[in-house]
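Have a look at query-v4.txt below; it lists compact mmCIF, C-alpha atoms.
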```
# COMPACT_ATOMS: atom_id res chain seq x y z
CA MET J 159 12.15 -11.06 -2.97
CA PRO J 160 11.48 -8.11 -0.68
CA TYR J 161 9.25 -5.27 -1.82
CA VAL J 162 9.92 -1.76 -0.56
CA ASN J 163 7.70 1.28 -1.11
CA ILE J 164 9.16 4.69 -0.29
CA LYS J 165 6.77 7.64 -0.22
CA ILE J 166 8.19 11.16 -0.23
CA THR J 167 6.77 14.55 -1.09
CA ARG J 168 7.28 15.69 -4.69
CA GLU J 169 9.84 18.40 -4.09
CA GLY J 170 12.51 17.88 -6.70
CA ALA J 171 14.26 14.61 -5.92
CA THR J 172 16.59 13.93 -8.86
CA ALA J 173 17.00 10.66 -10.77
CA GLU J 174 20.44 10.35 -9.15
CA GLN J 175 19.00 10.69 -5.65
CA LYS J 176 16.29 8.17 -6.42
CA ALA J 177 18.91 5.77 -7.79
CA LYS J 178 20.78 6.12 -4.47
CA LEU J 179 17.62 5.27 -2.52
CA ILE J 180 17.06 2.17 -4.69
CA GLU J 181 20.65 1.03 -4.30
CA GLY J 182 20.83 1.83 -0.59
CA VAL J 183 17.69 0.03 0.50
CA THR J 184 18.49 -2.99 -1.70
CA HIS J 185 21.94 -3.31 -0.10
CA LEU J 186 20.45 -2.81 3.37
CA LEU J 187 18.15 -5.81 2.86
CA ARG J 188 21.07 -7.88 1.55
CA ASP J 189 23.32 -6.91 4.48
CA VAL J 190 20.76 -7.30 7.28
CA LEU J 191 18.67 -10.25 6.08
CA GLY J 192 20.68 -11.82 3.26
CA LYS J 193 18.01 -10.95 0.67
CA ASN J 194 18.91 -11.35 -3.00
CA PRO J 195 19.28 -7.94 -4.72
CA ALA J 196 18.26 -9.47 -8.07
CA THR J 197 14.68 -9.92 -6.86
CA THR J 198 14.39 -6.93 -4.49
CA VAL J 199 11.82 -4.48 -5.84
CA VAL J 200 11.75 -0.80 -4.79
CA VAL J 201 8.98 1.59 -5.77
CA ILE J 202 9.24 5.32 -4.99
CA ASP J 203 6.04 7.39 -4.88
CA GLU J 204 6.34 11.18 -5.04
CA VAL J 205 3.27 12.80 -3.55
CA ASP J 206 2.07 16.38 -4.10
CA THR J 207 2.41 18.53 -0.98
CA ASP J 208 -1.36 19.20 -1.04
CA ASN J 209 -1.90 15.46 -0.71
CA TRP J 210 0.40 14.81 2.26
CA GLY J 211 -0.70 15.66 5.76
CA ILE J 212 1.00 15.63 9.14
CA GLY J 213 -0.17 17.32 12.32
CA ALA J 214 -3.67 17.66 10.79
CA GLU J 215 -2.53 19.98 7.99
CA SER J 216 -1.01 19.62 4.54
CA ILE J 217 2.68 20.00 3.78
CA THR J 218 1.74 22.89 1.46
CA VAL J 219 0.45 24.83 4.46
CA ARG J 220 3.50 23.92 6.55
CA ARG J 221 5.93 24.98 3.81
CA ARG J 222 4.14 28.35 3.55
CA ARG J 223 4.94 28.90 7.23
CA GLY J 224 8.56 27.97 6.56
CA GLN J 225 8.47 24.48 8.05
CA MET G 32 -15.13 -6.92 -1.35
CA PRO G 33 -11.56 -7.66 -2.38
CA TYR G 34 -9.15 -4.84 -3.11
CA VAL G 35 -6.41 -5.33 -5.67
CA ASN G 36 -3.55 -2.96 -6.39
CA ILE G 37 -1.50 -3.55 -9.53
CA LYS G 38 1.73 -1.60 -9.94
CA ILE G 39 3.41 -1.48 -13.34
CA THR G 40 5.96 0.80 -14.92
CA ARG G 41 4.54 3.70 -16.95
CA GLU G 42 5.45 2.51 -20.42
CA GLY G 43 2.37 3.04 -22.52
CA ALA G 44 -0.30 0.64 -21.26
CA THR G 45 -3.52 1.58 -23.09
CA ALA G 46 -6.98 2.10 -21.59
CA GLU G 47 -8.01 -1.16 -23.31
CA GLN G 48 -5.17 -3.11 -21.71
CA LYS G 49 -5.96 -1.64 -18.29
CA ALA G 50 -9.64 -2.55 -18.77
CA LYS G 51 -8.53 -6.14 -19.46
CA LEU G 52 -6.48 -6.21 -16.25
CA ILE G 53 -9.48 -4.92 -14.26
CA GLU G 54 -11.83 -7.46 -15.82
CA GLY G 55 -9.37 -10.35 -15.59
CA VAL G 56 -8.44 -9.96 -11.94
CA THR G 57 -12.07 -9.38 -10.94
CA HIS G 58 -13.13 -12.60 -12.68
CA LEU G 59 -10.19 -14.47 -11.14
CA LEU G 60 -11.38 -13.55 -7.64
CA ARG G 61 -14.93 -14.60 -8.53
CA ASP G 62 -13.79 -17.93 -9.99
CA VAL G 63 -11.26 -18.88 -7.29
CA LEU G 64 -12.89 -17.51 -4.13
CA GLY G 65 -16.49 -16.73 -5.13
CA LYS G 66 -15.97 -12.98 -4.54
CA ASN G 67 -18.68 -10.63 -5.78
CA PRO G 68 -17.47 -8.59 -8.80
CA ALA G 69 -19.82 -5.73 -7.86
CA THR G 70 -17.70 -4.88 -4.82
CA THR G 71 -14.25 -5.89 -6.11
CA VAL G 72 -12.04 -2.81 -6.39
CA VAL G 73 -8.95 -2.70 -8.62
CA VAL G 74 -6.47 0.18 -8.62
CA ILE G 75 -3.65 0.33 -11.18
CA ASP G 76 -0.60 2.48 -10.42
CA GLU G 77 1.72 3.39 -13.27
CA VAL G 78 5.17 4.25 -11.93
CA ASP G 79 7.90 6.22 -13.72
CA THR G 80 10.88 4.05 -14.68
CA ASP G 81 13.17 6.30 -12.58
CA ASN G 82 11.07 5.41 -9.54
CA TRP G 83 11.10 1.62 -9.93
CA GLY G 84 14.13 -0.39 -8.91
CA ILE G 85 15.09 -4.03 -9.19
CA GLY G 86 18.55 -5.54 -8.80
CA ALA G 87 19.69 -2.34 -7.03
CA GLU G 88 19.17 -0.14 -10.09
CA SER G 89 16.30 1.71 -11.74
CA ILE G 90 14.32 0.43 -14.71
CA THR G 91 15.52 3.52 -16.63
CA VAL G 92 19.09 2.28 -16.33
CA ARG G 93 18.09 -1.29 -17.28
CA ARG G 94 16.14 -0.13 -20.34
CA ARG G 95 19.17 1.87 -21.51
CA ARG G 96 21.14 -1.40 -21.52
CA GLY G 97 18.36 -3.04 -23.53
CA GLN G 98 16.87 -5.08 -20.68
CA MET Q 102 8.46 -6.58 -12.82
CA PRO Q 103 4.88 -5.88 -11.81
CA TYR Q 104 3.85 -5.93 -8.18
CA VAL Q 105 0.33 -7.00 -7.25
CA ASN Q 106 -1.24 -6.78 -3.80
CA ILE Q 107 -4.51 -8.65 -3.25
CA LYS Q 108 -6.41 -7.93 -0.04
CA ILE Q 109 -9.21 -10.29 1.01
CA THR Q 110 -10.96 -10.96 4.29
CA ARG Q 111 -9.49 -13.79 6.38
CA GLU Q 112 -12.24 -16.34 5.93
CA GLY Q 113 -10.51 -19.61 5.18
CA ALA Q 114 -8.85 -19.24 1.78
CA THR Q 115 -6.72 -22.38 1.32
CA ALA Q 116 -3.10 -22.57 0.16
CA GLU Q 117 -4.40 -24.07 -3.10
CA GLN Q 118 -6.77 -21.16 -3.68
CA LYS Q 119 -4.03 -18.65 -2.92
CA ALA Q 120 -1.70 -20.49 -5.34
CA LYS Q 121 -4.40 -20.13 -8.03
CA LEU Q 122 -4.62 -16.38 -7.39
CA ILE Q 123 -0.84 -16.04 -7.69
CA GLU Q 124 -0.73 -18.08 -10.90
CA GLY Q 125 -3.80 -16.41 -12.41
CA VAL Q 126 -2.76 -12.82 -11.89
CA THR Q 127 0.81 -13.53 -13.03
CA HIS Q 128 -0.47 -15.06 -16.27
CA LEU Q 129 -2.92 -12.18 -16.74
CA LEU Q 130 -0.05 -9.68 -16.66
CA ARG Q 131 1.94 -11.82 -19.11
CA ASP Q 132 -1.01 -12.17 -21.50
CA VAL Q 133 -2.23 -8.55 -21.41
CA LEU Q 134 1.03 -6.61 -21.10
CA GLY Q 135 3.78 -9.12 -21.92
CA LYS Q 136 5.20 -8.91 -18.38
CA ASN Q 137 7.80 -11.51 -17.38
CA PRO Q 138 6.36 -14.00 -14.83
CA ALA Q 139 9.84 -14.56 -13.36
CA THR Q 140 9.86 -11.06 -11.86
CA THR Q 141 6.13 -10.61 -11.17
CA VAL Q 142 5.55 -10.37 -7.43
CA VAL Q 143 2.16 -11.10 -5.82
CA VAL Q 144 1.41 -10.47 -2.14
CA ILE Q 145 -1.89 -11.59 -0.60
CA ASP Q 146 -3.06 -9.93 2.62
CA GLU Q 147 -5.78 -11.64 4.63
CA VAL Q 148 -7.56 -9.11 6.83
CA ASP Q 149 -9.68 -9.86 9.92
CA THR Q 150 -13.38 -9.15 9.35
CA ASP Q 151 -13.34 -6.62 12.24
CA ASN Q 152 -10.70 -4.67 10.31
CA TRP Q 153 -12.50 -4.47 6.96
CA GLY Q 154 -15.29 -1.99 6.43
CA ILE Q 155 -17.72 -1.31 3.62
CA GLY Q 156 -20.92 0.72 3.75
CA ALA Q 157 -19.70 2.33 7.01
CA GLU Q 158 -19.71 -0.96 8.96
CA SER Q 159 -17.37 -3.91 9.47
CA ILE Q 160 -17.65 -7.22 7.62
CA THR Q 161 -18.13 -8.87 11.04
CA VAL Q 162 -21.36 -6.94 11.49
CA ARG Q 163 -22.49 -7.67 7.92
CA ARG Q 164 -21.79 -11.40 8.28
CA ARG Q 165 -23.89 -11.48 11.49
CA ARG Q 166 -26.83 -10.18 9.45
CA GLY Q 167 -26.22 -12.90 6.88
CA GLN Q 168 -24.61 -10.70 4.21
CA MET V 257 2.02 7.57 14.74
CA PRO V 258 -0.80 6.29 12.57
CA TYR V 259 -0.46 6.25 8.81
CA VAL V 260 -3.54 6.71 6.66
CA ASN V 261 -3.72 6.33 2.89
CA ILE V 262 -6.85 7.60 1.13
CA LYS V 263 -7.32 6.65 -2.52
CA ILE V 264 -9.93 8.50 -4.59
CA THR V 265 -10.49 8.95 -8.30
CA ARG V 266 -8.91 12.06 -9.82
CA GLU V 267 -12.06 14.07 -10.47
CA GLY V 268 -11.31 17.55 -9.25
CA ALA V 269 -10.95 17.39 -5.48
CA THR V 270 -9.72 20.83 -4.40
CA ALA V 271 -6.86 21.64 -2.02
CA GLU V 272 -9.50 22.78 0.49
CA GLN V 273 -11.35 19.46 0.30
CA LYS V 274 -8.12 17.52 0.67
CA ALA V 275 -7.17 19.66 3.68
CA LYS V 276 -10.53 18.73 5.23
CA LEU V 277 -9.83 15.03 4.69
CA ILE V 278 -6.41 15.37 6.33
CA GLU V 279 -7.82 17.27 9.30
CA GLY V 280 -10.87 15.04 9.66
CA VAL V 281 -9.09 11.71 9.68
CA THR V 282 -6.35 13.01 11.99
CA HIS V 283 -8.95 14.18 14.50
CA LEU V 284 -10.85 10.88 14.17
CA LEU V 285 -7.75 8.94 15.21
CA ARG V 286 -7.17 11.32 18.12
CA ASP V 287 -10.79 11.06 19.28
CA VAL V 288 -11.23 7.28 18.91
CA LEU V 289 -7.78 5.97 19.85
CA GLY V 290 -6.00 8.89 21.49
CA LYS V 291 -3.41 9.08 18.70
CA ASN V 292 -1.13 12.12 18.61
CA PRO V 293 -1.98 14.41 15.65
CA ALA V 294 1.63 15.64 15.50
CA THR V 295 2.81 12.24 14.22
CA THR V 296 -0.28 11.18 12.26
CA VAL V 297 0.57 10.97 8.56
CA VAL V 298 -2.10 11.12 5.83
CA VAL V 299 -1.36 10.49 2.14
CA ILE V 300 -4.04 11.05 -0.50
CA ASP V 301 -3.67 9.31 -3.87
CA GLU V 302 -5.75 10.58 -6.79
CA VAL V 303 -6.13 7.84 -9.39
CA ASP V 304 -7.11 8.28 -13.06
CA THR V 305 -10.57 6.90 -13.83
CA ASP V 306 -9.05 4.52 -16.42
CA ASN V 307 -6.96 3.02 -13.62
CA TRP V 308 -9.76 2.37 -11.12
CA GLY V 309 -12.07 -0.58 -11.54
CA ILE V 310 -15.17 -1.77 -9.76
CA GLY V 311 -17.70 -4.34 -10.97
CA ALA V 312 -15.11 -5.59 -13.51
CA GLU V 313 -15.03 -2.29 -15.44
CA SER V 314 -13.25 1.04 -15.18
CA ILE V 315 -14.75 4.17 -13.68
CA THR V 316 -14.26 5.83 -17.09
CA VAL V 317 -16.73 3.36 -18.60
CA ARG V 318 -19.16 3.76 -15.70
CA ARG V 319 -19.07 7.57 -15.93
CA ARG V 320 -19.85 7.35 -19.65
CA ARG V 321 -23.05 5.50 -18.75
CA GLY V 322 -23.87 8.21 -16.22
CA GLN V 323 -22.95 6.23 -13.09
CA MET E 208 8.10 12.98 6.73
CA PRO E 209 8.82 10.02 4.47
CA TYR E 210 6.88 6.80 4.83
CA VAL E 211 8.56 3.50 4.04
CA ASN E 212 6.88 0.11 3.85
CA ILE E 213 9.12 -2.96 3.73
CA LYS E 214 7.49 -6.29 2.90
CA ILE E 215 9.44 -9.50 3.54
CA THR E 216 8.45 -13.14 3.93
CA ARG E 217 7.83 -14.29 7.52
CA GLU E 218 10.88 -16.49 7.97
CA GLY E 219 12.29 -15.57 11.35
CA ALA E 220 13.59 -12.01 11.12
CA THR E 221 14.55 -11.01 14.67
CA ALA E 222 13.66 -7.80 16.51
CA GLU E 223 17.33 -6.82 16.21
CA GLN E 224 17.32 -7.29 12.43
CA LYS E 225 14.11 -5.33 12.09
CA ALA E 226 15.58 -2.54 14.24
CA LYS E 227 18.53 -2.43 11.83
CA LEU E 228 16.19 -2.09 8.85
CA ILE E 229 14.35 0.77 10.57
CA GLU E 230 17.57 2.55 11.45
CA GLY E 231 19.21 1.91 8.08
CA VAL E 232 16.40 3.15 5.89
CA THR E 233 15.79 6.20 8.11
CA HIS E 234 19.47 7.18 7.85
CA LEU E 235 19.43 6.55 4.08
CA LEU E 236 16.60 9.08 3.65
CA ARG E 237 18.45 11.59 5.84
CA ASP E 238 21.72 11.14 3.95
CA VAL E 239 20.31 11.16 0.39
CA LEU E 240 17.44 13.64 0.67
CA GLY E 241 17.99 15.45 3.97
CA LYS E 242 14.77 14.02 5.46
CA ASN E 243 14.22 14.45 9.18
CA PRO E 244 14.54 11.11 11.04
CA ALA E 245 12.13 12.33 13.74
CA THR E 246 9.20 12.16 11.31
CA THR E 247 10.33 9.26 9.12
CA VAL E 248 7.94 6.33 9.53
CA VAL E 249 8.91 2.75 8.67
CA VAL E 250 6.44 -0.15 8.67
CA ILE E 251 7.63 -3.74 8.15
CA ASP E 252 5.12 -6.35 6.99
CA GLU E 253 6.02 -10.01 7.38
CA VAL E 254 4.03 -12.11 4.92
CA ASP E 255 3.38 -15.87 5.12
CA THR E 256 5.21 -17.82 2.40
CA ASP E 257 1.84 -19.16 1.11
CA ASN E 258 0.80 -15.55 0.49
CA TRP E 259 3.85 -14.40 -1.47
CA GLY E 260 4.25 -15.33 -5.11
CA ILE E 261 6.99 -14.87 -7.66
CA GLY E 262 7.39 -16.65 -10.99
CA ALA E 263 3.69 -17.65 -10.82
CA GLU E 264 4.16 -19.82 -7.70
CA SER E 265 4.26 -19.30 -3.95
CA ILE E 266 7.43 -19.05 -1.90
CA THR E 267 6.25 -22.14 0.03
CA VAL E 268 6.49 -24.18 -3.19
CA ARG E 269 9.87 -22.66 -4.09
CA ARG E 270 11.31 -23.37 -0.62
CA ARG E 271 10.21 -27.02 -0.93
CA ARG E 272 12.35 -27.29 -4.04
CA GLY E 273 15.28 -25.76 -2.15
CA GLN E 274 15.10 -22.31 -3.73
CA MET Z 137 -15.61 4.08 -4.38
CA PRO Z 138 -12.83 5.39 -2.17
CA TYR Z 139 -10.37 3.02 -0.55
CA VAL Z 140 -8.86 3.92 2.82
CA ASN Z 141 -6.07 2.06 4.59
CA ILE Z 142 -5.42 2.92 8.25
CA LYS Z 143 -2.25 1.56 9.84
CA ILE Z 144 -1.91 1.64 13.63
CA THR Z 145 0.28 -0.21 16.09
CA ARG Z 146 -1.22 -3.39 17.55
CA GLU Z 147 -1.84 -2.16 21.09
CA GLY Z 148 -5.33 -3.32 21.95
CA ALA Z 149 -7.76 -1.39 19.75
CA THR Z 150 -11.18 -2.96 20.35
CA ALA Z 151 -13.74 -4.04 17.73
CA GLU Z 152 -15.88 -1.08 18.86
CA GLN Z 153 -13.05 1.39 18.31
CA LYS Z 154 -12.29 -0.06 14.90
CA ALA Z 155 -16.00 0.14 13.99
CA LYS Z 156 -15.87 3.85 14.92
CA LEU Z 157 -12.87 4.40 12.64
CA ILE Z 158 -14.68 2.66 9.75
CA GLU Z 159 -17.84 4.67 10.28
CA GLY Z 160 -16.02 7.97 10.86
CA VAL Z 161 -13.81 7.88 7.79
CA THR Z 162 -16.67 6.68 5.57
CA HIS Z 163 -18.84 9.60 6.70
CA LEU Z 164 -15.93 12.02 6.27
CA LEU Z 165 -15.60 11.03 2.60
CA ARG Z 166 -19.36 11.39 2.12
CA ASP Z 167 -19.44 14.81 3.79
CA VAL Z 168 -16.34 16.30 2.13
CA LEU Z 169 -16.45 14.77 -1.35
CA GLY Z 170 -19.95 13.31 -1.69
CA LYS Z 171 -18.59 9.75 -1.92
CA ASN Z 172 -21.09 6.90 -1.66
CA PRO Z 173 -20.72 5.01 1.66
CA ALA Z 174 -22.01 1.80 0.05
CA THR Z 175 -18.83 1.44 -2.01
CA THR Z 176 -16.32 3.02 0.39
CA VAL Z 177 -13.82 0.39 1.56
CA VAL Z 178 -11.78 0.77 4.75
CA VAL Z 179 -8.98 -1.62 5.74
CA ILE Z 180 -7.28 -1.35 9.15
CA ASP Z 181 -3.83 -2.89 9.60
CA GLU Z 182 -2.56 -3.46 13.12
CA VAL Z 183 1.23 -3.64 13.13
CA ASP Z 184 3.45 -5.16 15.85
CA THR Z 185 5.45 -2.53 17.73
CA ASP Z 186 8.71 -4.26 16.67
CA ASN Z 187 7.69 -3.66 13.06
CA TRP Z 188 6.91 0.08 13.31
CA GLY Z 189 9.68 2.62 13.37
CA ILE Z 190 9.82 6.36 13.86
CA GLY Z 191 12.85 8.48 14.68
CA ALA Z 192 15.10 5.60 13.53
CA GLU Z 193 13.92 3.23 16.29
CA SER Z 194 11.05 0.83 16.87
CA ILE Z 195 7.94 1.65 18.87
CA THR Z 196 8.89 -1.24 21.19
CA VAL Z 197 12.06 0.63 22.17
CA ARG Z 198 10.17 3.93 22.57
CA ARG Z 199 7.49 2.32 24.76
CA ARG Z 200 10.22 0.87 27.01
CA ARG Z 201 11.44 4.43 27.61
CA GLY Z 202 7.88 5.48 28.42
CA GLN Z 203 7.16 7.27 25.15
```

Go ahead and render the structure in this file as structure tokens.
Amino acid sequence: MPYVNIKITREGATAEQKAKLIEGVTHLLRDVLGKNPATTVVVIDEVDTDNWGIGAESITVRRRRGQ
Amino acid sequence: MPYVNIKITREGATAEQKAKLIEGVTHLLRDVLGKNPATTVVVIDEVDTDNWGIGAESITVRRRRGQ
Amino acid sequence: MPYVNIKITREGATAEQKAKLIEGVTHLLRDVLGKNPATTVVVIDEVDTDNWGIGAESITVRRRRGQ
Amino acid sequence: MPYVNIKITREGATAEQKAKLIEGVTHLLRDVLGKNPATTVVVIDEVDTDNWGIGAESITVRRRRGQ
Amino acid sequence: MPYVNIKITREGATAEQKAKLIEGVTHLLRDVLGKNPATTVVVIDEVDTDNWGIGAESITVRRRRGQ
Amino acid sequence: MPYVNIKITREGATAEQKAKLIEGVTHLLRDVLGKNPATTVVVIDEVDTDNWGIGAESITVRRRRGQ
């Protein structure tokens, strides 16, 4: 029954990589807490770099500086 | 004052269907808890099927199998 | 497969009322979008009135004024 | 370490405006609670007006009426 | 920079188990997407069984039936 | 109409400090985007330090080391 929301910046994650995140976190919840994979829901949000901030500035600005 | 977030897969819900969800959940909160519709906020997120997982796999993969 | 998060202030909602919210929103998603109730997840968050703001002030302050 | 999620309707907020939101809320958390800007995360979600409801109707419908 | 929110029912997860979830999901994001663990944030919400619904009923009701 | 969710660790924020966060972020949205304070909703979540992770470990563990 767990619900997991993963937010990452939209920078080209592939369907294969997202499938690995879904599988990995579902198995983690099964292994650590015995949660049933059949009812474990995972939602991945990809967020534009203009819309994600850390250190008081957007990721767009950080990427421009090479970070 | 309630806030409701509804997450569904992006598979063609129409503006009319989304309007019905907004109206229905707002009325539910009024009828069950006496909440004021004027300040009830509803946000619907439509999520790509690659980005939604259940049972350790994405909805894209499930749909391909006819589920 | 939908996921619904309902946030309300913590002001004495009973288990029966919360059960009605869960049932009502699950049926709404079935009726409007044909979603399967068996995999519809609903999570209700009850938030302290100090921690909920509207109109630039907390609900605690509004309740004190009789709103 | 705080995490802030700001949801607004998608109605043309510019990168500059979003940068001001990121900076403003990060500084607010530093000034009020002493939180470290370097680890303060801000995520802005822009939501289609069909997908945002208040007063039991969508923002699309309200905008049509001039609200 | 990823942000992960894990929601589980409040049924006795220990600090050690929660530490394993934090470590596991942080390493998953590093291994699959190359994300930096130093800025990966994980927040675990434990939700009362009255406040979690699936299949149109609360987990409290399901647990009573032995599910 | 904006909705803002602020997540911080539960480490003694006072009602006054939380009122300042509510007021500050509401005014920020008014000043930057012209949003109406009357319908701006702010929800603050205070999260146990065992339930918040960064750098692959919980805040509880970091605090013990003096971080």

Listing only residues of chain Q within 10 Å of chain E, what is the closest atom pair and its distance in Å (to one decimal) for each, using only C-alpha atoms, sorted by chain and residue number ascending, as CSV?
```
residue,atom,partner,partner_atom,distance
Q:Met102,CA,E:Ile261,CA,9.9
Q:Tyr104,CA,E:Ile261,CA,9.5
Q:Val105,CA,E:Gly260,CA,9.5
Q:Asn106,CA,E:Trp259,CA,9.5
Q:Ile107,CA,E:Asn258,CA,9.5
Q:Thr115,CA,E:Asp257,CA,9.1
Q:Ala116,CA,E:Asp257,CA,6.1
Q:Glu117,CA,E:Asp257,CA,9.0
Q:Lys119,CA,E:Asn258,CA,6.7
Q:Ala120,CA,E:Ser265,CA,6.2
Q:Lys121,CA,E:Glu264,CA,8.6
Q:Leu122,CA,E:Ala263,CA,9.1
Q:Ile123,CA,E:Ala263,CA,5.7
Q:Glu124,CA,E:Ala263,CA,4.4
Q:Gly125,CA,E:Ala263,CA,7.8
Q:Val126,CA,E:Ala263,CA,8.1
Q:Thr127,CA,E:Ala263,CA,5.5
Q:His128,CA,E:Ala263,CA,7.3
Q:Asn137,CA,E:Gly262,CA,8.2
Q:Pro138,CA,E:Gly262,CA,4.8
Q:Ala139,CA,E:Gly262,CA,4.0
Q:Thr140,CA,E:Gly262,CA,6.2
Q:Thr141,CA,E:Ile261,CA,5.6
Q:Val142,CA,E:Ile261,CA,4.7
Q:Val143,CA,E:Gly260,CA,4.8
Q:Val144,CA,E:Trp259,CA,4.7
Q:Ile145,CA,E:Asn258,CA,4.9
Q:Asp146,CA,E:Asn258,CA,7.1
Q:Glu147,CA,E:Asn258,CA,8.7
```

| task | To one decimal in Å, tell me the separation between CA of Val239 in chain E and CA of Arg168 in chain J. | result | 14.7 Å

| task | Using CA of Leu164 in chain Z and CA of Pro258 in chain V as the two end points, give the distance in Å to one decimal. | result |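 A separation of 17.4 Å between them.
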
| query | So how many Å separate CA of Gly97 in chain G and CA of Glu42 in chain G, to one decimal? | reply |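 Separation between CA of Gly97 in chain G and CA of Glu42 in chain G: 14.4 Å.
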